[in-house]
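The data block below is entry.cif; it holds mmCIF, C-alpha atoms and all ligand atoms.
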data_start
loop_
_atom_site.label_atom_id
_atom_site.label_comp_id
_atom_site.auth_asym_id
_atom_site.auth_seq_id
_atom_site.Cartn_x
_atom_site.Cartn_y
_atom_site.Cartn_z
CA MET A 1 104.14 93.59 97.32
CA SER A 2 107.75 92.71 98.11
CA ASP A 3 107.35 92.37 101.89
CA PRO A 4 105.17 89.49 103.02
CA LEU A 5 101.80 90.74 104.27
CA ARG A 6 100.78 90.10 107.84
CA PRO A 7 97.72 87.78 107.81
CA ALA A 8 95.28 90.48 108.99
CA ASP A 9 96.57 92.92 106.36
CA ALA A 10 96.24 90.26 103.67
CA LEU A 11 92.61 89.74 104.67
CA ARG A 12 91.94 93.48 104.57
CA ARG A 13 93.57 93.81 101.18
CA ILE A 14 91.33 91.00 99.90
CA ALA A 15 88.28 92.84 101.29
CA PHE A 16 89.42 96.05 99.62
CA LEU A 17 89.80 94.37 96.24
CA LEU A 18 86.47 92.56 96.58
CA GLU A 19 84.83 95.94 97.14
CA ARG A 20 86.53 97.30 94.09
CA ALA A 21 85.17 94.27 92.23
CA ARG A 22 81.72 95.17 93.61
CA GLU A 23 81.24 91.80 95.25
CA PRO A 24 78.24 91.49 97.60
CA THR A 25 78.83 93.14 100.97
CA HIS A 26 78.50 89.94 103.03
CA ARG A 27 81.43 88.44 101.09
CA VAL A 28 83.55 91.50 101.76
CA ALA A 29 82.48 91.59 105.40
CA ALA A 30 83.61 87.99 105.94
CA PHE A 31 87.21 89.01 105.26
CA ARG A 32 87.03 92.10 107.45
CA THR A 33 85.52 90.08 110.27
CA ALA A 34 88.25 87.47 109.98
CA ALA A 35 90.89 90.24 110.03
CA ALA A 36 89.40 91.57 113.26
CA VAL A 37 89.51 88.07 114.77
CA VAL A 38 93.18 87.67 113.80
CA ASP A 39 93.89 91.05 115.41
CA THR A 40 92.75 89.64 118.75
CA LEU A 41 95.15 86.66 118.59
CA GLY A 42 98.71 87.01 119.83
CA PRO A 43 101.46 85.62 117.57
CA ASP A 44 101.82 82.49 119.73
CA GLU A 45 98.14 81.78 119.70
CA LEU A 46 98.05 82.27 115.91
CA ASP A 47 100.99 79.83 115.55
CA ARG A 48 99.30 77.28 117.74
CA ARG A 49 95.98 77.55 115.90
CA ILE A 50 97.70 77.04 112.56
CA ARG A 51 99.80 74.11 113.81
CA THR A 52 96.83 72.36 115.35
CA LYS A 53 94.58 73.22 112.38
CA THR A 54 92.02 74.82 114.71
CA LEU A 55 91.81 78.24 113.07
CA THR A 56 88.37 77.57 111.66
CA ASP A 57 87.07 76.66 115.12
CA LEU A 58 87.16 80.38 115.77
CA ARG A 59 83.96 82.25 115.18
CA GLY A 60 84.40 84.47 112.14
CA ILE A 61 87.03 82.33 110.38
CA GLY A 62 85.92 79.94 107.64
CA PRO A 63 87.75 77.73 105.13
CA LYS A 64 88.46 80.56 102.66
CA THR A 65 89.61 83.14 105.18
CA GLY A 66 91.48 80.43 107.09
CA ALA A 67 93.42 79.37 103.99
CA ALA A 68 94.45 82.97 103.32
CA ILE A 69 95.66 83.34 106.91
CA VAL A 70 97.75 80.15 106.72
CA GLN A 71 99.38 81.20 103.44
CA ALA A 72 100.11 84.74 104.60
CA HIS A 73 101.52 83.39 107.87
CA ALA A 74 103.90 81.23 105.83
CA GLY A 75 105.14 84.37 104.08
CA GLU A 76 103.33 83.68 100.83
CA VAL A 77 100.88 85.88 98.99
CA PRO A 78 97.56 84.06 99.54
CA GLU A 79 96.36 82.45 96.33
CA TYR A 80 93.00 84.16 96.50
CA LEU A 81 94.67 87.53 96.94
CA ALA A 82 97.04 86.90 94.04
CA ARG A 83 94.12 86.21 91.74
CA LEU A 84 92.31 89.37 92.86
CA GLU A 85 95.45 91.48 92.46
CA GLU A 86 95.77 90.27 88.90
CA THR A 87 92.28 91.43 87.95
CA TYR A 88 91.60 94.35 90.27
CA GLY A 89 94.98 95.46 91.61
CA GLU A 90 95.33 98.23 89.07
CA LEU A 91 92.55 100.72 88.58
CA VAL A 92 91.22 101.15 85.09
CA PRO A 93 92.85 104.44 84.16
CA LEU A 94 90.56 107.44 83.97
CA ALA A 95 90.51 109.71 80.94
CA ASP A 96 93.13 112.46 81.30
CA ASP A 97 90.71 115.29 82.02
CA VAL A 98 88.85 113.17 84.58
CA ALA A 99 92.09 112.11 86.23
CA GLU A 100 93.14 115.76 86.45
CA PHE A 101 89.81 116.69 88.01
CA ARG A 102 90.11 113.89 90.51
CA ALA A 103 93.66 114.84 91.38
CA ALA A 104 92.37 118.28 92.38
CA LEU A 105 90.21 116.76 95.13
CA ARG A 106 91.76 117.03 98.58
CA GLY A 107 89.20 115.04 100.50
CA ASP A 108 85.76 113.54 100.78
CA LEU A 109 82.82 115.08 102.61
CA HIS A 110 80.47 112.11 102.92
CA VAL A 111 81.79 109.02 104.69
CA HIS A 112 80.20 106.48 107.06
CA SER A 113 81.76 104.30 109.75
CA ASP A 114 80.53 101.33 111.77
CA TRP A 115 79.05 103.81 114.24
CA SER A 116 76.03 103.94 111.88
CA ASP A 117 75.62 101.64 108.86
CA GLY A 118 79.19 101.54 107.58
CA GLY A 119 81.22 98.35 107.82
CA SER A 120 84.51 99.61 109.26
CA PRO A 121 85.87 101.56 112.21
CA ILE A 122 86.63 105.27 111.83
CA ARG A 123 90.36 104.63 111.93
CA GLU A 124 90.24 102.21 108.98
CA MET A 125 88.25 104.67 106.93
CA ALA A 126 90.74 107.42 107.76
CA GLU A 127 93.72 105.21 106.93
CA ALA A 128 92.20 104.31 103.57
CA ALA A 129 91.62 108.01 102.87
CA ILE A 130 95.24 108.75 103.74
CA GLY A 131 96.27 105.93 101.41
CA LEU A 132 94.40 107.65 98.58
CA GLY A 133 96.28 110.87 99.25
CA HIS A 134 93.40 112.74 100.87
CA GLU A 135 94.14 115.58 103.28
CA TYR A 136 90.80 115.32 105.05
CA MET A 137 87.61 113.33 105.27
CA ALA A 138 84.34 114.39 106.84
CA LEU A 139 82.88 111.63 108.99
CA THR A 140 79.15 111.84 108.33
CA ASP A 141 77.32 109.05 110.10
CA HIS A 142 73.52 109.02 110.11
CA SER A 143 71.21 111.00 112.39
CA PRO A 144 68.90 109.56 115.11
CA ARG A 145 65.73 109.13 113.07
CA LEU A 146 67.37 106.75 110.62
CA THR A 147 67.12 103.79 112.98
CA VAL A 148 67.53 101.23 110.15
CA ALA A 149 71.01 102.67 109.68
CA ASN A 150 71.76 102.82 113.41
CA GLY A 151 71.64 106.64 113.41
CA LEU A 152 73.55 108.38 116.20
CA SER A 153 71.66 109.82 119.16
CA PRO A 154 72.96 113.16 120.47
CA GLU A 155 74.79 111.23 123.21
CA ARG A 156 76.50 108.88 120.75
CA LEU A 157 77.45 111.76 118.49
CA GLU A 158 79.01 113.55 121.48
CA ARG A 159 81.05 110.44 122.19
CA GLN A 160 82.06 110.20 118.54
CA LEU A 161 83.39 113.76 118.68
CA ASP A 162 85.76 112.72 121.49
CA VAL A 163 86.91 109.68 119.54
CA VAL A 164 87.56 111.81 116.45
CA ALA A 165 89.50 114.38 118.47
CA ALA A 166 91.79 111.65 119.81
CA LEU A 167 92.28 110.10 116.35
CA ASN A 168 93.09 113.50 114.89
CA GLU A 169 95.98 113.96 117.31
CA GLU A 170 97.38 110.69 116.12
CA LEU A 171 96.76 111.04 112.39
CA ALA A 172 97.80 114.69 111.92
CA PRO A 173 98.37 116.35 109.51
CA PHE A 174 95.49 114.31 108.09
CA ARG A 175 92.24 115.62 109.45
CA ILE A 176 88.96 113.89 110.16
CA LEU A 177 86.36 116.63 109.97
CA THR A 178 83.46 116.10 112.34
CA GLY A 179 80.14 115.79 110.61
CA ILE A 180 76.80 114.17 110.08
CA GLU A 181 74.56 113.02 107.28
CA CYS A 182 71.48 114.56 108.77
CA ASP A 183 68.01 113.46 107.78
CA ILE A 184 65.80 116.20 106.43
CA ASN A 185 62.57 115.77 108.37
CA VAL A 186 59.27 115.92 106.51
CA ASP A 187 58.80 119.52 107.66
CA GLY A 188 62.26 120.48 106.34
CA SER A 189 63.90 120.71 109.78
CA LEU A 190 67.11 118.80 110.51
CA ASP A 191 67.19 115.66 112.63
CA GLN A 192 69.76 116.63 115.28
CA THR A 193 70.01 119.20 118.07
CA ASP A 194 70.83 122.72 117.06
CA GLU A 195 73.66 122.80 119.55
CA LEU A 196 75.39 119.73 118.08
CA LEU A 197 74.85 120.79 114.47
CA GLY A 198 76.54 124.06 115.38
CA ARG A 199 79.60 122.21 116.68
CA LEU A 200 80.14 120.02 113.62
CA ASP A 201 82.53 120.91 110.81
CA VAL A 202 80.38 119.56 107.97
CA VAL A 203 76.63 118.96 107.76
CA VAL A 204 75.36 116.95 104.80
CA ALA A 205 71.56 117.10 104.73
CA SER A 206 69.71 114.33 102.89
CA VAL A 207 66.16 113.11 102.33
CA HIS A 208 65.75 109.45 103.32
CA SER A 209 62.01 109.16 103.93
CA ASP A 210 58.74 109.88 102.16
CA LEU A 211 60.63 109.96 98.87
CA ARG A 212 57.43 109.69 96.84
CA ALA A 213 55.92 112.88 98.24
CA GLU A 214 54.34 115.18 95.69
CA SER A 215 56.54 117.79 94.14
CA ALA A 216 55.31 120.88 96.03
CA ALA A 217 55.78 119.22 99.42
CA MET A 218 59.21 117.85 98.52
CA THR A 219 60.31 121.24 97.18
CA ALA A 220 59.23 123.04 100.36
CA ARG A 221 60.98 120.42 102.47
CA MET A 222 64.25 120.72 100.54
CA LEU A 223 64.11 124.53 100.41
CA ALA A 224 63.82 124.67 104.20
CA ALA A 225 66.81 122.33 104.64
CA VAL A 226 68.97 124.17 102.10
CA ALA A 227 68.24 127.47 103.87
CA ASP A 228 69.10 126.06 107.28
CA PRO A 229 72.27 127.83 108.39
CA HIS A 230 73.77 124.52 109.54
CA THR A 231 73.46 122.81 106.14
CA ASP A 232 76.66 122.75 104.08
CA VAL A 233 75.93 120.08 101.48
CA LEU A 234 72.69 118.80 99.98
CA GLY A 235 73.18 115.01 99.80
CA HIS A 236 72.04 112.79 96.87
CA CYS A 237 69.24 115.20 95.93
CA THR A 238 66.88 112.93 93.98
CA GLY A 239 67.22 109.79 96.15
CA ARG A 240 67.16 107.57 93.06
CA LEU A 241 68.58 104.05 93.11
CA LEU A 242 69.68 102.77 89.72
CA ILE A 243 70.39 99.15 90.65
CA PRO A 244 69.27 96.96 93.54
CA ARG A 245 71.49 97.06 96.59
CA GLU A 246 72.14 95.04 99.64
CA GLN A 247 71.77 96.54 103.08
CA ARG A 248 72.65 95.46 106.57
CA GLU A 249 71.23 92.10 107.62
CA GLY A 250 70.85 90.98 104.02
CA ARG A 251 67.88 93.20 103.19
CA ARG A 252 67.65 94.15 99.54
CA GLN A 253 66.53 97.53 98.30
CA ARG A 254 64.96 97.71 94.88
CA PRO A 255 65.77 100.42 92.33
CA ARG A 256 63.61 103.51 92.68
CA PRO A 257 62.98 106.57 90.53
CA GLU A 258 63.98 110.14 91.32
CA SER A 259 61.93 112.14 93.78
CA THR A 260 60.09 114.97 92.11
CA PHE A 261 60.76 118.56 93.14
CA ASP A 262 61.34 121.95 91.58
CA ALA A 263 65.06 121.56 90.93
CA GLU A 264 65.49 125.10 89.66
CA ALA A 265 64.08 126.52 92.88
CA VAL A 266 66.14 124.20 95.06
CA PHE A 267 69.44 124.81 93.25
CA THR A 268 68.81 128.55 93.18
CA ALA A 269 68.35 128.40 96.95
CA CYS A 270 71.62 126.45 97.19
CA VAL A 271 73.41 129.31 95.44
CA GLU A 272 71.73 131.89 97.68
CA HIS A 273 72.48 130.11 100.95
CA GLY A 274 75.93 128.80 100.09
CA THR A 275 74.92 125.14 100.18
CA ALA A 276 76.90 122.84 97.91
CA VAL A 277 75.11 120.31 95.72
CA GLU A 278 76.57 116.86 96.26
CA ILE A 279 77.73 114.82 93.30
CA ASN A 280 77.24 111.39 94.84
CA SER A 281 79.64 108.83 93.36
CA ARG A 282 78.00 105.61 94.57
CA PRO A 283 77.39 103.44 91.49
CA GLU A 284 73.77 102.78 92.48
CA ARG A 285 73.08 106.49 93.03
CA LEU A 286 75.09 108.68 90.61
CA ASP A 287 72.99 111.54 91.85
CA PRO A 288 72.11 114.15 90.56
CA PRO A 289 71.26 112.77 87.12
CA MET A 290 73.05 114.54 84.24
CA ARG A 291 70.18 116.84 83.28
CA LEU A 292 69.96 118.15 86.85
CA LEU A 293 73.72 118.41 87.16
CA ASN A 294 73.75 120.54 84.00
CA LEU A 295 71.03 122.72 85.48
CA ALA A 296 72.97 123.18 88.72
CA VAL A 297 76.07 124.19 86.72
CA ASP A 298 74.02 126.71 84.72
CA LEU A 299 72.62 128.21 87.92
CA GLY A 300 76.11 128.66 89.37
CA CYS A 301 76.00 126.13 92.22
CA GLU A 302 78.94 124.95 94.24
CA PHE A 303 79.51 121.20 94.47
CA ALA A 304 81.01 118.47 96.63
CA VAL A 305 82.19 115.31 94.85
CA ASP A 306 81.60 112.66 97.51
CA THR A 307 81.72 108.89 97.72
CA ASP A 308 79.18 108.25 100.49
CA ALA A 309 81.57 105.40 101.31
CA HIS A 310 80.35 102.75 103.74
CA ALA A 311 83.62 100.78 103.55
CA PRO A 312 87.28 101.70 102.95
CA GLY A 313 87.44 100.42 99.36
CA GLN A 314 84.50 102.62 98.42
CA LEU A 315 86.56 105.75 99.12
CA ASP A 316 87.98 104.98 95.70
CA TRP A 317 84.73 105.76 93.94
CA GLN A 318 85.25 109.51 93.46
CA GLY A 319 86.24 108.86 89.84
CA ASN A 320 82.56 108.12 89.09
CA GLY A 321 81.55 111.57 90.27
CA CYS A 322 84.47 113.25 88.53
CA GLU A 323 83.53 111.65 85.22
CA ARG A 324 80.08 113.18 85.45
CA ALA A 325 81.39 116.51 86.69
CA VAL A 326 83.72 116.79 83.71
CA GLU A 327 80.99 115.76 81.30
CA CYS A 328 78.67 118.45 82.67
CA GLY A 329 81.32 121.16 82.75
CA VAL A 330 81.49 121.59 86.53
CA PRO A 331 84.23 124.19 87.13
CA VAL A 332 86.86 122.60 89.35
CA GLU A 333 87.11 125.71 91.55
CA ALA A 334 83.40 125.40 92.33
CA VAL A 335 84.05 122.04 94.01
CA VAL A 336 84.45 122.77 97.70
CA ASN A 337 86.45 119.62 98.41
CA THR A 338 89.24 120.84 96.14
CA TRP A 339 89.83 123.57 98.71
CA PRO A 340 92.39 123.30 101.51
CA ALA A 341 90.85 122.32 104.86
CA ASP A 342 91.15 125.82 106.33
CA ARG A 343 89.31 127.45 103.47
CA LEU A 344 86.71 124.70 103.50
CA LEU A 345 86.10 125.16 107.22
CA GLU A 346 85.78 128.91 106.85
CA TRP A 347 83.14 128.24 104.25
CA THR A 348 81.21 125.68 106.31
CA ALA A 349 81.32 127.98 109.35
CA GLY A 350 79.96 130.90 107.28
ZN ZN B 401 72.07 109.12 102.45
ZN ZN B 402 75.38 108.49 103.26
#

In C-alpha cells, how does this file's structure come out?
Amino acid sequence: MSDPLRPADALRRIAFLLERAREPTHRVAAFRTAAAVVDTLGPDELDRRIRTKTLTDLRGIGPKTGAAIVQAHAGEVPEYLARLEETYGELVPLADDVAEFRAALRGDLHVHSDWSDGGSPIREMAEAAIGLGHEYMALTDHSPRLTVANGLSPERLERQLDVVAALNEELAPFRILTGIECDINVDGSLDQTDELLGRLDVVVASVHSDLRAESAAMTARMLAAVADPHTDVLGHCTGRLLIPREQREGRRQRPRPESTFDAEAVFTACVEHGTAVEINSRPERLDPPMRLLNLAVDLGCEFAVDTDAHAPGQLDWQGNGCERAVECGVPVEAVVNTWPADRLLEWTAG
C-alpha cells in the first residue's frame, strides 16, 4: 500500500476486508454504497464537500464512511482500514496440499451479481476474480421463480448476455462465462426457457424450494434435473444451512438440516450424464457434507469447487471447498474448474 488509495477504492477495500472478517452484510454494504456515491462526485465536488464538512449530508455517507473518505482524500490510509489490514490483510495460510489444490483452480462456476441477490455489479465481481488470478468466472444469477432473490426473467437474462459480451471485450483475456443458477422445479424441470438455457455457457441447477419433501419425491426431482441436457453442475445438493444467515432486507434465515434423497442414485446419475457435483464453499453451506462427498468420490463423480459468491470478497472462499476436497480425496483432475476455459466449454456444450 505505497500509493495513497483513492477514497472510493479505500471504501471498497474496507468492504472487502469486512467480508473476509465475516461482518454482517449491511455493514459491508454501507461501505460499498458510500463508494458508489463517491464515484458519482467529481473531484471538485468532493473537495468542496470535504472543505464545507457536508459529506455526510449525502445519502449513503455516514460518519464512519465519511471519516474514511476524508482521510483517504488527504493521502492517508484511513484509520479504520489500517486496523482491518492489520487483522485481515493477510489470509491465514492454507495447508500445503490445500494450497496446491486451490492453485490448480482456474475459475469459479457459481457467482452472483446485483442483477439478482448479489451486492455488487458484474464488473466488480469480475475484477475481484481477476485479482485472485482467475482466468474465468461463470456469472450465475438466479432464475425467474426465485422472486425473493430477484431472479432474472428471460428478458432480463437476454439483456445480461449483452452486458457480459461487452464486458468480455474489455476484460479479455479474462472471460465471464454466461450462466445461471437455475431453480429445479418441483417436477424436476428447469426454471428457464429451453432456448436460453441452450445459449448459456454454464448451467448450475439447484433446489431452493420444498426442501423438506420426502426422499422419493426429492430423488425423482433431482434425477430429472441431473439428466437434463442443459445441466452442467448440481448446486449445493443437500440445501443445508449450518449457521443462521442474513438475507436482503435484513431477513434472517435459520439453520436447516439436509434434504433427504437417495444420494447414491443421484450421484450415479451425475456420472452417467456428465453433471458435476458442486462443492459449495460458503461457510454456512459447506455442501455436500463429508460423508456424501466421500460417496461422490467413490462413485467417480466430477466436481466444481465454487464459492457461490454474492460479493467480491466472497470469491476468496474457495479454500473452504478445497480443504474438504483434499480431505475426501477428490482427484484434482476431476474438478472441472481446474480445466482451461476451452476444455471446460467443450464439456458444458457436450
Ligand atoms: Zn443456491
Ligand atoms: Zn447461488

Residues of chain A that approach ligand ZN 402 (chain B) to 7 Å or less, counting only C-alpha atoms and all ligand atoms: could you list each one with the shortest pair of atoms and its distance in Å to one decimal, rows by chain and increasing residue number, as a tab-separated table?
residue	atom	partner	partner_atom	distance
A:His110	CA	B:ZN402	ZN	6.3
A:Val111	CA	B:ZN402	ZN	6.6
A:His112	CA	B:ZN402	ZN	6.5
A:Glu181	CA	B:ZN402	ZN	6.1
A:Asp308	CA	B:ZN402	ZN	4.7

Inset, instruction - Find the residues around Glu158 in chain A up to 12 Å (only C-alpha atoms counted), leave out those fewer than 4 positions away in its own chain, and share them as an MDAnalysis selection string. - result: chainID A and resid 152:154 162:165 178:180 192:193 195:197 199:200

Per residue of chain A within 9 Å of ligand ZN 401 (chain B), which atom pair is closest and at what distance in Å (one decimal), using all atoms listed in the file, listed by chain and increasing number, as JSON lines?
{"residue": "A:His110", "atom": "CA", "partner": "B:ZN401", "partner_atom": "ZN", "distance": 8.9}
{"residue": "A:His142", "atom": "CA", "partner": "B:ZN401", "partner_atom": "ZN", "distance": 7.8}
{"residue": "A:Glu181", "atom": "CA", "partner": "B:ZN401", "partner_atom": "ZN", "distance": 6.7}
{"residue": "A:Cys182", "atom": "CA", "partner": "B:ZN401", "partner_atom": "ZN", "distance": 8.4}
{"residue": "A:Asp183", "atom": "CA", "partner": "B:ZN401", "partner_atom": "ZN", "distance": 8.0}
{"residue": "A:Val204", "atom": "CA", "partner": "B:ZN401", "partner_atom": "ZN", "distance": 8.8}
{"residue": "A:Ala205", "atom": "CA", "partner": "B:ZN401", "partner_atom": "ZN", "distance": 8.3}
{"residue": "A:Ser206", "atom": "CA", "partner": "B:ZN401", "partner_atom": "ZN", "distance": 5.7}
{"residue": "A:Val207", "atom": "CA", "partner": "B:ZN401", "partner_atom": "ZN", "distance": 7.1}
{"residue": "A:His208", "atom": "CA", "partner": "B:ZN401", "partner_atom": "ZN", "distance": 6.4}
{"residue": "A:Gly235", "atom": "CA", "partner": "B:ZN401", "partner_atom": "ZN", "distance": 6.6}
{"residue": "A:His236", "atom": "CA", "partner": "B:ZN401", "partner_atom": "ZN", "distance": 6.7}
{"residue": "A:Gly239", "atom": "CA", "partner": "B:ZN401", "partner_atom": "ZN", "distance": 8.0}
{"residue": "A:Asp308", "atom": "CA", "partner": "B:ZN401", "partner_atom": "ZN", "distance": 7.4}

Could you write out the selected residues, including C-alpha atoms, as a short mmCIF file (atom, residue, chain, number, x, y, z; two decimals), in the frame of the given file?
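selection.cif, written as the output of this step:
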data_model
loop_
_atom_site.label_atom_id
_atom_site.label_comp_id
_atom_site.auth_asym_id
_atom_site.auth_seq_id
_atom_site.Cartn_x
_atom_site.Cartn_y
_atom_site.Cartn_z
CA HIS A 110 80.47 112.11 102.92
CA HIS A 142 73.52 109.02 110.11
CA GLU A 181 74.56 113.02 107.28
CA CYS A 182 71.48 114.56 108.77
CA ASP A 183 68.01 113.46 107.78
CA VAL A 204 75.36 116.95 104.80
CA ALA A 205 71.56 117.10 104.73
CA SER A 206 69.71 114.33 102.89
CA VAL A 207 66.16 113.11 102.33
CA HIS A 208 65.75 109.45 103.32
CA GLY A 235 73.18 115.01 99.80
CA HIS A 236 72.04 112.79 96.87
CA GLY A 239 67.22 109.79 96.15
CA ASP A 308 79.18 108.25 100.49
#

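Between Val335 in chain A and the residues A:Leu146, A:Leu11, A:Ala269, A:Leu105, the shortest atom-to-atom distance, using only C-alpha atoms, involves A:Leu105.
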
Inset, instruction - Would you please work out which residue, of A:Glu272, A:Ile50, A:Ala213, A:Gly151, is nearest to Leu299 in chain A when using only C-alpha atoms? - result: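 Comparing A:Glu272, A:Ile50, A:Ala213, A:Gly151 against Leu299 in chain A, the winner is A:Glu272.
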
Legend entry - For Ile184 in chain A: contacts at 12 Å, all atoms listed in the file, fewer than 6 positions along chain excluded, given as a PyMOL selection string: chain A and resi 142-146+190-192+203-211+218-228+230-231+233-237
